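Chemist: Sharing upload_11.cif, mmCIF, C-alpha atoms:
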data_data
#
loop_
_atom_site.label_atom_id
_atom_site.label_comp_id
_atom_site.auth_asym_id
_atom_site.auth_seq_id
_atom_site.Cartn_x
_atom_site.Cartn_y
_atom_site.Cartn_z
CA MET A 1375 -19.22 3.27 5.72
CA ASN A 1376 -19.91 4.32 2.15
CA GLY A 1377 -18.55 1.65 -0.22
CA THR A 1378 -17.47 4.14 -2.90
CA VAL A 1379 -15.47 6.15 -0.41
CA VAL A 1380 -13.66 3.04 0.76
CA LYS A 1381 -12.95 1.95 -2.81
CA ASN A 1382 -11.63 5.37 -3.80
CA GLN A 1383 -9.52 5.47 -0.69
CA LEU A 1384 -8.01 2.12 -1.65
CA ILE A 1385 -7.30 3.37 -5.18
CA PHE A 1386 -5.79 6.61 -3.96
CA ASP A 1387 -3.64 4.88 -1.37
CA PHE A 1388 -2.39 2.51 -4.05
CA ALA A 1389 -1.69 5.35 -6.49
CA SER A 1390 0.28 7.13 -3.78
CA GLY A 1391 2.24 3.98 -3.04
CA ILE A 1392 1.48 3.95 0.67
CA LEU A 1393 -0.19 0.53 0.85
CA GLY A 1394 1.61 -2.47 2.26
CA PRO A 1395 2.66 -5.28 -0.09
CA ALA A 1396 -0.53 -7.34 0.29
CA LYS A 1397 -2.94 -4.49 -0.36
CA SER A 1398 -0.74 -3.18 -3.17
CA LEU A 1399 -1.04 -6.48 -4.99
CA PHE A 1400 -4.77 -6.52 -4.32
CA ALA A 1401 -5.27 -2.95 -5.54
CA SER A 1402 -3.12 -3.33 -8.64
CA THR A 1403 -5.16 -6.39 -9.59
CA TYR A 1404 -8.35 -4.44 -9.00
CA LEU A 1405 -7.16 -1.65 -11.33
CA GLU A 1406 -6.13 -4.25 -13.90
CA LEU A 1407 -9.56 -5.91 -13.95
CA ASN A 1408 -11.86 -2.96 -13.41
CA SER A 1409 -11.80 -0.19 -16.01
CA ASP A 1410 -13.74 2.28 -13.84
CA ALA A 1411 -11.30 1.83 -10.98
CA SER A 1412 -8.45 2.14 -13.45
CA LYS A 1413 -9.79 5.48 -14.71
CA ILE A 1414 -9.96 6.83 -11.17
CA GLY A 1415 -6.45 5.51 -10.57
CA ASN A 1416 -5.22 7.38 -13.66
CA ILE A 1417 -6.70 10.63 -12.40
CA PHE A 1418 -4.88 10.22 -9.08
CA GLU A 1419 -1.66 9.24 -10.85
CA ASN A 1420 -1.83 12.33 -13.06
CA MET A 1421 -2.14 14.48 -9.97
CA LEU A 1422 0.78 12.72 -8.33
CA GLY A 1423 2.81 13.00 -11.54
CA GLU A 1424 2.21 16.75 -11.51
CA ASN A 1425 3.51 16.80 -7.94
CA LEU A 1426 6.64 15.03 -9.09
CA MET A 1427 7.29 17.84 -11.60
CA ASP A 1428 7.35 20.28 -8.69
CA ASN A 1429 9.16 18.03 -6.27
CA GLU A 1430 12.27 19.26 -4.54
CA ASN A 1431 15.62 18.27 -6.02
CA ILE A 1432 17.96 16.04 -4.09
CA HIS A 1433 20.74 15.15 -6.46
CA PRO A 1434 21.98 11.58 -6.36
CA LYS A 1435 25.64 11.74 -5.41
CA ASN A 1436 27.07 8.88 -7.39
CA LEU A 1437 24.82 8.59 -10.37
CA LYS A 1438 25.34 9.74 -13.93
CA TYR A 1439 22.98 9.40 -16.82
CA THR A 1440 25.32 6.94 -18.52
CA ASP A 1441 24.91 4.59 -15.52
CA CYS A 1442 21.27 4.33 -16.44
CA MET A 1443 21.95 3.44 -20.05
CA ASN A 1444 24.13 0.48 -19.19
CA ASN A 1445 22.00 -1.09 -16.50
CA LYS A 1446 21.81 -4.80 -17.27
CA ASN A 1447 19.12 -5.39 -14.65
CA ILE A 1448 16.43 -3.75 -16.72
CA LYS A 1449 15.38 -5.81 -19.71
CA SER A 1450 13.44 -4.26 -22.53
CA ASP A 1451 11.83 -7.53 -23.58
CA SER A 1452 10.50 -8.55 -20.17
CA ASN A 1453 6.91 -9.21 -21.08
CA LEU A 1454 4.34 -7.45 -19.03
CA LYS A 1455 2.19 -9.85 -17.12
CA ASP A 1456 -0.87 -9.03 -15.09
CA PRO A 1457 -0.20 -8.72 -11.35
CA VAL A 1458 -1.82 -12.06 -10.45
CA THR A 1459 0.17 -14.07 -12.97
CA SER A 1460 3.44 -12.38 -12.19
CA PHE A 1461 2.98 -13.03 -8.48
CA PHE A 1462 1.26 -16.43 -8.40
CA GLY A 1463 2.05 -17.92 -11.81
CA ASN A 1464 -0.58 -20.30 -13.10
CA LEU A 1465 -3.32 -20.52 -10.47
CA ASN A 1466 -3.99 -24.17 -11.32
CA ASN A 1467 -0.49 -25.06 -10.16
CA LEU A 1468 -0.88 -23.59 -6.70
CA ASN A 1469 -0.98 -25.79 -3.68
CA TRP A 1470 -4.63 -25.13 -2.82
CA LYS A 1471 -5.82 -26.16 0.59
CA GLN A 1472 -9.31 -27.61 0.80
CA VAL A 1473 -11.28 -26.00 3.64
CA TYR A 1474 -14.40 -28.01 2.93
CA LYS A 1475 -15.91 -29.68 -0.10
CA GLY A 1476 -15.96 -27.26 -3.01
CA PHE A 1477 -14.14 -24.49 -1.12
CA LYS A 1478 -10.39 -24.14 -1.39
CA GLU A 1479 -7.99 -21.42 -0.40
CA TYR A 1480 -4.38 -20.45 -0.89
CA THR A 1481 -2.62 -18.04 1.45
CA ALA A 1482 0.05 -15.91 -0.22
CA SER A 1483 3.33 -15.72 1.61
CA ILE A 1484 3.66 -11.98 1.89
CA ASP A 1485 5.32 -10.43 4.87
CA ASP A 1486 2.65 -7.93 5.81
CA LYS A 1487 0.17 -7.10 8.53
CA ASP A 1488 -2.68 -7.83 6.11
CA GLU A 1489 -3.30 -11.36 4.93
CA LEU A 1490 -3.84 -12.04 1.24
CA LYS A 1491 -5.63 -15.19 0.14
CA LEU A 1492 -7.02 -16.68 -3.01
CA ILE A 1493 -10.35 -18.43 -2.67
CA LYS A 1494 -11.76 -20.94 -5.12
CA MET A 1495 -15.39 -22.01 -4.93
CA ASP A 1496 -16.91 -24.70 -7.10
CA PRO A 1497 -20.16 -23.90 -8.95
CA GLY A 1498 -23.10 -23.47 -6.59
CA VAL A 1499 -21.04 -23.82 -3.41
CA SER A 1500 -22.00 -21.47 -0.61
CA VAL A 1501 -20.29 -20.13 2.48
CA PRO A 1502 -22.34 -20.50 5.67
CA LEU A 1503 -23.69 -17.28 7.18
CA HIS A 1504 -20.84 -15.45 8.81
CA SER A 1505 -19.62 -12.05 9.88
CA HIS A 1506 -16.13 -10.68 9.94
CA GLY A 1507 -13.71 -10.11 12.75
CA GLY A 1508 -11.97 -7.36 10.83
CA LYS A 1509 -12.41 -5.59 7.55
CA GLU A 1510 -12.27 -7.88 4.55
CA TYR A 1511 -11.81 -6.96 0.89
CA ILE A 1512 -12.93 -9.41 -1.80
CA LEU A 1513 -12.09 -9.08 -5.50
CA VAL A 1514 -13.57 -11.46 -8.06
CA LEU A 1515 -10.88 -12.77 -10.43
CA GLU A 1516 -12.93 -15.37 -12.32
CA GLY A 1517 -16.59 -16.31 -12.40
CA SER A 1518 -18.98 -14.64 -9.99
CA PHE A 1519 -20.77 -14.97 -6.68
CA CYS A 1520 -23.82 -13.42 -5.15
CA ASP A 1521 -25.06 -12.76 -1.65
CA GLU A 1522 -27.76 -10.77 0.13
CA TYR A 1523 -26.21 -7.54 -1.17
CA GLY A 1524 -25.93 -8.28 -4.89
CA LYS A 1525 -24.00 -10.08 -7.60
CA TYR A 1526 -20.24 -9.72 -7.94
CA SER A 1527 -18.44 -10.53 -11.19
CA ARG A 1528 -14.86 -10.38 -12.46
CA GLY A 1529 -13.34 -7.05 -11.44
CA ASP A 1530 -15.94 -6.26 -8.75
CA ILE A 1531 -14.94 -5.78 -5.16
CA GLN A 1532 -16.87 -6.15 -1.97
CA ILE A 1533 -15.70 -4.64 1.28
CA ASN A 1534 -17.04 -6.19 4.46
CA ASP A 1535 -16.75 -5.11 8.03
CA GLN A 1536 -17.90 -6.47 11.34
CA LYS A 1537 -21.48 -5.34 10.80
CA ILE A 1538 -22.01 -7.38 7.67
CA LYS A 1539 -23.46 -10.86 7.86
CA HIS A 1540 -23.80 -12.60 4.55
CA THR A 1541 -24.09 -15.93 2.73
CA PRO A 1542 -22.07 -15.81 -0.50
CA ILE A 1543 -22.93 -18.40 -3.15
CA ALA A 1544 -20.69 -19.11 -6.15
CA SER A 1545 -22.30 -18.95 -9.59
CA LYS A 1546 -23.91 -22.25 -10.59
CA ASP A 1547 -22.32 -22.04 -14.03
CA THR A 1548 -18.81 -20.85 -13.44
CA GLY A 1549 -17.99 -21.06 -9.75
CA CYS A 1550 -15.61 -18.31 -8.71
CA VAL A 1551 -12.05 -17.45 -7.86
CA CYS A 1552 -11.52 -14.45 -5.61
CA MET A 1553 -8.68 -12.62 -3.98
CA SER A 1554 -9.24 -11.54 -0.42
CA ILE A 1555 -7.50 -9.25 2.03
CA THR A 1556 -8.09 -9.57 5.74
CA GLU A 1557 -6.90 -6.75 7.92
CA LYS A 1558 -5.46 -8.55 10.87
CA ASP A 1559 -5.14 -5.50 13.03
CA VAL A 1560 -8.83 -4.74 12.79
CA ILE A 1561 -9.66 -8.09 14.35
CA PHE A 1562 -8.11 -6.68 17.46
CA PHE A 1563 -10.64 -3.91 17.40
CA GLY A 1564 -13.41 -6.39 16.82
CA LYS A 1565 -12.62 -7.77 20.23
CA PHE A 1566 -12.10 -4.35 21.74
CA GLY A 1567 -14.71 -2.64 19.63
CA SER A 1568 -15.43 0.01 22.20
CA PHE A 1569 -12.02 1.52 21.60
CA LEU A 1570 -12.65 2.14 17.95
CA ASN A 1571 -13.78 5.70 18.49
CA LEU A 1572 -10.88 6.52 20.70
CA PHE A 1573 -8.60 5.11 18.04
CA THR A 1574 -10.29 7.27 15.41
CA PHE A 1575 -9.70 10.30 17.54
CA ILE A 1576 -6.06 9.57 18.04
CA LYS A 1577 -5.65 8.84 14.36
CA SER A 1578 -7.34 12.03 13.18
CA PHE A 1579 -5.30 13.90 15.67
CA PHE A 1580 -2.02 12.60 14.33
CA LYS A 1581 -3.16 13.15 10.76
CA GLN A 1582 -3.38 16.88 11.40
CA LYS A 1583 0.31 16.94 12.18
CA MET B 1181 11.21 22.56 -17.98
CA GLU B 1182 8.03 22.75 -20.07
CA LYS B 1183 6.02 19.60 -20.58
CA SER B 1184 6.18 19.97 -24.35
CA ASN B 1185 9.98 20.06 -24.18
CA LEU B 1186 10.00 16.90 -22.10
CA ASN B 1187 7.76 15.20 -24.63
CA ASP B 1188 10.04 16.23 -27.49
CA LEU B 1189 13.02 14.82 -25.64
CA MET B 1190 11.16 11.58 -25.04
CA LYS B 1191 10.25 11.33 -28.72
CA ARG B 1192 13.91 11.72 -29.65
CA ILE B 1193 14.75 8.86 -27.29
CA GLN B 1194 12.01 6.68 -28.68
CA LYS B 1195 12.87 7.36 -32.33
CA ASP B 1196 16.63 7.80 -32.38
CA ARG B 1197 17.87 6.51 -29.02
CA ASP B 1198 19.17 10.05 -28.58
CA GLU B 1199 21.60 10.01 -25.66
CA MET B 1200 21.75 13.77 -25.26
CA ALA B 1201 17.97 13.88 -24.97
CA PHE B 1202 18.17 11.22 -22.30
CA SER B 1203 20.81 13.16 -20.39
CA GLN B 1204 18.39 16.11 -20.24
CA ILE B 1205 15.54 13.92 -19.03
CA PHE B 1206 17.94 12.52 -16.46
CA ASP B 1207 19.00 15.99 -15.32
CA PHE B 1208 15.41 17.03 -14.85
CA PHE B 1209 13.97 13.92 -13.18
CA ALA B 1210 16.77 12.08 -11.36
CA SER B 1211 16.94 14.54 -8.45
CA LYS B 1212 13.14 14.67 -8.14
CA VAL B 1213 12.80 10.88 -8.18
CA ASN B 1214 15.68 10.58 -5.73
CA ALA B 1215 13.94 13.10 -3.46
CA TYR B 1216 10.71 11.10 -3.75
CA PHE B 1217 12.40 7.97 -2.38
CA ILE B 1218 14.08 9.90 0.40
CA GLN B 1219 10.78 11.53 1.31
CA ASN B 1220 9.42 8.00 1.59
CA ARG B 1221 12.04 7.26 4.21
CA ILE B 1222 14.21 5.08 2.04
CA ARG B 1223 17.85 5.29 2.99
CA LEU B 1224 20.16 7.36 0.82
CA GLU B 1225 22.06 4.48 -0.79
CA SER B 1226 18.89 2.56 -1.60
CA ALA B 1227 17.24 5.74 -2.87
CA GLU B 1228 20.06 6.21 -5.36
CA GLU B 1229 19.88 2.60 -6.50
CA LEU B 1230 16.13 2.90 -7.01
CA THR B 1231 16.59 6.20 -8.84
CA GLN B 1232 19.02 4.46 -11.16
CA GLU B 1233 16.49 1.70 -11.80
CA VAL B 1234 13.74 4.19 -12.56
CA LEU B 1235 15.81 6.20 -15.03
CA SER B 1236 17.19 3.00 -16.54
CA THR B 1237 13.63 1.87 -17.11
CA VAL B 1238 12.84 5.16 -18.83
CA TRP B 1239 15.77 4.59 -21.18
CA VAL B 1240 15.36 0.86 -21.77
CA LYS B 1241 11.56 0.77 -21.95
CA SER B 1242 11.02 4.12 -23.62
CA HIS B 1243 8.87 2.38 -26.26
CA LEU B 1244 6.26 1.67 -23.59
CA TYR B 1245 5.60 5.35 -22.97
CA ASP B 1246 2.55 6.71 -24.79
CA SER B 1247 2.27 10.49 -24.67
CA SER B 1248 -1.39 10.33 -25.71
CA LYS B 1249 -2.21 8.37 -22.54
CA SER B 1250 -0.34 10.25 -19.85
CA ALA B 1251 2.14 13.00 -19.13
CA LEU B 1252 5.76 11.90 -18.95
CA SER B 1253 5.89 12.89 -15.28
CA THR B 1254 2.93 10.57 -14.59
CA TRP B 1255 4.64 7.67 -16.33
CA ILE B 1256 7.86 8.24 -14.43
CA PHE B 1257 5.97 8.68 -11.17
CA THR B 1258 4.24 5.30 -11.61
CA ILE B 1259 7.57 3.60 -12.37
CA ALA B 1260 9.05 5.13 -9.22
CA ARG B 1261 6.02 4.19 -7.15
CA ASN B 1262 6.09 0.60 -8.37
CA LYS B 1263 9.82 0.34 -7.63
CA LYS B 1264 9.12 1.60 -4.13
CA ILE B 1265 6.37 -1.00 -3.58
CA ASP B 1266 8.65 -3.80 -4.85
CA PHE B 1267 11.49 -2.55 -2.71
CA LEU B 1268 9.36 -2.51 0.42
CA ARG B 1269 7.95 -5.96 -0.38
CA LYS B 1270 11.45 -7.39 -0.68
CA ASN B 1271 12.67 -5.64 2.44
CA SER B 1272 9.72 -5.93 4.76
CA LYS B 1273 10.29 -7.96 7.85
CA ILE B 1274 7.37 -7.15 10.03
CA ASN B 1275 7.57 -8.94 13.33
CA PHE B 1276 4.18 -9.45 14.88
CA LYS B 1277 5.65 -10.50 18.18
CA GLU B 1278 6.92 -6.99 18.62
CA GLU B 1279 4.65 -5.52 21.22
CA ASP B 1280 1.76 -3.64 19.75
CA ILE B 1281 1.05 -0.38 21.46
CA ARG B 1282 -2.66 -0.99 21.29
CA GLU B 1283 -2.40 -4.10 23.39
CA PHE B 1284 -0.46 -2.14 25.91
CA LEU B 1285 -2.74 0.85 25.82
CA TYR B 1286 -5.94 -1.07 26.16
CA GLN B 1287 -4.93 -3.83 28.49
CA ASP B 1288 -7.52 -4.59 31.16
CA ARG B 1289 -9.29 -1.33 30.55
CA GLU B 1290 -12.75 -0.46 29.39
CA ILE B 1291 -13.84 2.87 28.04
CA ASP B 1292 -17.23 4.44 27.96
CA LEU B 1293 -18.09 5.64 24.48
CA ASN B 1294 -20.09 8.49 25.97
CA GLU B 1295 -16.87 10.01 27.09
CA GLU B 1296 -15.67 10.78 23.61
CA ASN B 1297 -15.15 14.46 24.17
CA GLU B 1298 -13.32 13.74 27.35
CA ALA B 1299 -11.06 11.37 25.42
CA LYS B 1300 -10.39 14.03 22.84
CA LYS B 1301 -9.32 16.47 25.52
CA GLN B 1302 -7.09 13.87 27.06
CA ILE B 1303 -5.43 13.27 23.73
CA GLU B 1304 -4.74 16.96 23.38
CA ARG B 1305 -3.19 16.93 26.82
CA ILE B 1306 -1.05 13.96 25.91
CA ASN B 1307 0.02 15.76 22.77
CA ASN B 1308 1.22 18.70 24.76
CA GLU B 1309 3.30 16.36 26.85
CA LEU B 1310 5.12 14.74 23.94
CA ASP B 1311 8.19 16.16 22.27
CA GLU B 1312 8.67 15.97 18.51
CA GLN B 1313 10.67 12.76 18.53
CA GLN B 1314 8.13 11.04 20.73
CA LYS B 1315 5.36 12.07 18.37
CA ILE B 1316 7.28 10.72 15.43
CA MET B 1317 7.84 7.43 17.24
CA ILE B 1318 4.19 7.04 18.12
CA LYS B 1319 3.19 7.90 14.59
CA MET B 1320 5.62 5.37 13.13
CA ASN B 1321 4.67 2.64 15.56
CA PHE B 1322 0.96 3.21 15.77
CA PHE B 1323 -0.05 4.46 12.37
CA GLU B 1324 2.60 3.13 10.07
CA ASN B 1325 2.83 -0.20 11.87
CA LYS B 1326 6.58 -0.06 11.98
CA SER B 1327 8.37 -2.42 14.29
CA HIS B 1328 10.58 -1.04 17.02
CA LYS B 1329 13.56 -2.33 15.09
CA LYS B 1330 12.55 -0.39 11.99
CA ILE B 1331 11.97 2.78 13.98
CA ALA B 1332 15.39 2.38 15.56
CA ASP B 1333 16.96 1.97 12.11
CA GLU B 1334 15.18 4.91 10.61
CA LEU B 1335 15.77 7.32 13.47
CA GLU B 1336 19.26 5.91 13.91
CA ILE B 1337 18.93 5.39 17.64
CA PRO B 1338 19.45 2.18 19.63
CA LEU B 1339 16.61 -0.36 19.72
CA GLY B 1340 16.59 -0.37 23.52
CA THR B 1341 16.05 3.40 23.53
CA VAL B 1342 13.09 3.07 21.18
CA LYS B 1343 11.53 0.38 23.34
CA SER B 1344 11.99 2.26 26.57
CA ARG B 1345 10.84 5.59 25.13
CA ILE B 1346 7.71 4.09 23.61
CA ARG B 1347 6.96 2.28 26.83
CA HIS B 1348 7.45 5.54 28.68
CA ILE B 1349 5.09 7.38 26.33
CA LEU B 1350 2.47 4.66 26.67
CA THR B 1351 2.66 4.68 30.43
CA LYS B 1352 2.12 8.40 30.30
CA MET B 1353 -0.79 8.01 27.90
CA GLN B 1354 -2.31 5.36 30.09
CA GLU B 1355 -2.17 7.63 33.08
CA PHE B 1356 -4.01 10.28 31.15
CA LEU B 1357 -6.62 7.85 29.89
CA ARG B 1358 -7.45 6.47 33.28
#
As structure tokens - that is how I would like this structure written.
Modeler:
Amino acid sequence: MNGTVVKNQLIFDFASGILGPAKSLFASTYLELNSDASKIGNIFENMLGENLMDNENIHPKNLKYTDCMNNKNIKSDSNLKDPVTSFFGNLNNLNWKQVYKGFKEYTASIDDKDELKLIKMDPGVSVPLHSHGGKEYILVLEGSFCDEYGKYSRGDIQINDQKIKHTPIASKDTGCVCMSITEKDVIFFGKFGSFLNLFTFIKSFFKQK
Amino acid sequence: MEKSNLNDLMKRIQKDRDEMAFSQIFDFFASKVNAYFIQNRIRLESAEELTQEVLSTVWVKSHLYDSSKSALSTWIFTIARNKKIDFLRKNSKINFKEEDIREFLYQDREIDLNEENEAKKQIERINNELDEQQKIMIKMNFFENKSHKKIADELEIPLGTVKSRIRHILTKMQEFLR
């Protein structure tokens, strides 16, 4: 699958607000760190904002404008933090789990079908050759890593599916911290790969509705 | 309302905390934002609460809006969208033990990929067999990954009915796919 198409799909789905909580956090971080992705996101949001102008009107029954001026829940001084900090706080304070020497991970507790993890690799540490059960999205938060397909720095994403086998190595100078999304449901299709096409058919069919 | 008018109103809020300007912004956007939440299958009461939060944010954080960066409708849309994401995050209780229709559909079966066209025809046949509510249920369960409980809540029908109807649909689909 074309990487750009998948990336744009992720951005569009985020802009539309249809992603689950895990992917929403992932995508908002991506837009925060990557100015190109952010520009594309803005284009989508402008389109969606235009749609809102033309949206139908369903009047709230029990709401007056004065209710919105005296809402204590909204604070004007709440400082805007980036998505990672507002969700995880200081990354150094997380309860990282060591998987093997130089490779740690932290699984976010988000109630979602997709799993969101942070991965921390010490400088020069590599991940043994592996492939993926399901689709995996990786976003570099700090440092960089490289593999057979190229070098990935802060704000870059890599999207891997079952076909990809790779050996990522963290930068010798900086190591790297990444955010990853694993689509659990796709693992199912890894096992029952032959049904993928049937699934695609059914899906495209329902999309027409 | 014209965009330029909306921008003028917003400027009056930003500069003078003009309440009448805000009431006009409210009149224009509240019903559209409320409709947006309802279109996203959020229940009426919650939709109104979220609409209040969105418009409150417009009033309280008006200084964060920059008309040179985006249209007012875009800014308000992103606030509404983010509220929706937060709302769903706080309220999501996805239960993975809930039976997944794919497991059911594909249990002890193999399919030949060369039969793709045949599969497509079968799907059309299945479609003709389903009524609107069944289609909605399949869509919610299969493509939106909603639990049976959530479907029951949203369609306002008993959980047992959802379970039995989905099972019935799947049995039917399985027959067709054999």
Chemist: Sorted by chain and rising residue number, which residues of chain A lie within 8 Å of chain B, and what are their closest atom pairs and distances in Å to one decimal, counting all atoms listed in the file, as a tab-separated table?
Modeler:
residue	atom	partner	partner_atom	distance
A:Ala1389	CA	B:Arg1261	CA	7.8
A:Ser1390	CA	B:Arg1261	CA	7.3
A:Gly1391	CA	B:Arg1261	CA	5.6
A:Gly1394	CA	B:Ile1265	CA	7.7
A:Pro1395	CA	B:Arg1269	CA	5.3
A:Ser1398	CA	B:Ile1265	CA	7.4
A:Glu1419	CA	B:Thr1254	CA	6.1
A:Asn1420	CA	B:Thr1254	CA	5.3
A:Met1421	CA	B:Thr1254	CA	7.9
A:Leu1422	CA	B:Thr1254	CA	7.0
A:Gly1423	CA	B:Thr1254	CA	3.9
A:Glu1424	CA	B:Ser1253	CA	6.5
A:Leu1426	CA	B:Lys1212	CA	6.6
A:Met1427	CA	B:Ser1253	CA	6.3
A:Asn1429	CA	B:Lys1212	CA	5.5
A:Glu1430	CA	B:Lys1212	CA	5.9
A:Asn1431	CA	B:Ser1211	CA	4.6
A:Ile1432	CA	B:Ser1211	CA	4.7
A:His1433	CA	B:Ser1211	CA	4.3
A:Pro1434	CA	B:Glu1228	CA	5.8
A:Lys1435	CA	B:Glu1228	CA	7.9
A:Asn1436	CA	B:Glu1228	CA	7.8
A:Leu1437	CA	B:Gln1232	CA	7.2
A:Tyr1439	CA	B:Ser1203	CA	5.6
A:Thr1440	CA	B:Ser1203	CA	7.9
A:Asp1441	CA	B:Gln1232	CA	7.3
A:Cys1442	CA	B:Ser1236	CA	4.3
A:Met1443	CA	B:Ser1236	CA	5.9
A:Asn1444	CA	B:Ser1236	CA	7.8
A:Asn1445	CA	B:Ser1236	CA	6.3
A:Ile1448	CA	B:Thr1237	CA	6.3
A:Lys1449	CA	B:Val1240	CA	7.0
A:Ser1450	CA	B:Lys1241	CA	5.4
A:Ile1484	CA	B:Arg1269	CA	7.7
A:Asp1485	CA	B:Ser1272	CA	6.3
A:Asp1486	CA	B:Ile1274	CA	6.4
A:Lys1487	CA	B:Ile1274	CA	7.4
A:Ser1568	CA	B:Leu1293	CA	6.6
A:Phe1569	CA	B:Ile1291	CA	6.8
A:Asn1571	CA	B:Leu1293	CA	7.4
A:Leu1572	CA	B:Ala1299	CA	6.8
A:Phe1575	CA	B:Lys1300	CA	6.5
A:Ile1576	CA	B:Ile1303	CA	6.8
A:Lys1577	CA	B:Phe1323	CA	7.4
A:Phe1580	CA	B:Lys1319	CA	7.0
Chemist: With all atoms listed in the file as the basis for distance, which of B:Ile1259, B:Met1317, B:Lys1195, B:Thr1351 is at the shortest distance from Leu1339 of chain B?
Modeler: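 Comparing B:Ile1259, B:Met1317, B:Lys1195, B:Thr1351 against Leu1339 of chain B, the winner is B:Met1317.
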Chemist: To one decimal place, how far is atom CA of Lys1329 of chain B from atom CA of Ser1554 of chain A in Å?
Modeler: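 Between atom CA of Lys1329 of chain B and atom CA of Ser1554 of chain A the gap is 29.1 Å.
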Chemist: I need the residue set behind the PyMOL selection byres ((chain A and resi 1517-1521) around 8) for this file; please write it as a list of chain:residue names.
Modeler: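 Going through the file, the PyMOL selection byres ((chain A and resi 1517-1521) around 8) ends up selecting A:Val1514, A:Leu1515, A:Glu1516, A:Glu1522, A:Tyr1523, A:Gly1524, A:Lys1525, A:Tyr1526, A:Ser1527, A:Arg1528, A:His1540, A:Thr1541, A:Pro1542, A:Ile1543, A:Ala1544, A:Ser1545, A:Thr1548, A:Gly1549, A:Cys1550, A:Val1551.
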Chemist: Atom CA of Lys1326 of chain B to atom CA of Ile1531 of chain A: how many Å, to one decimal?
Modeler: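 Computed distance, atom CA of Lys1326 of chain B to atom CA of Ile1531 of chain A, equals 28.1 Å.
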Chemist: Using only C-alpha atoms, which of B:Arg1345, B:Lys1191, B:Arg1221, B:Arg1197 sits nearest Gln1313 of chain B?
Modeler: B:Arg1345
Chemist: For atom CA of Tyr1511 of chain A and atom CA of Tyr1404 of chain A, quote the distance in Å rounded to one decimal.
Modeler: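 Between atom CA of Tyr1511 of chain A and atom CA of Tyr1404 of chain A the gap works out to 10.8 Å.
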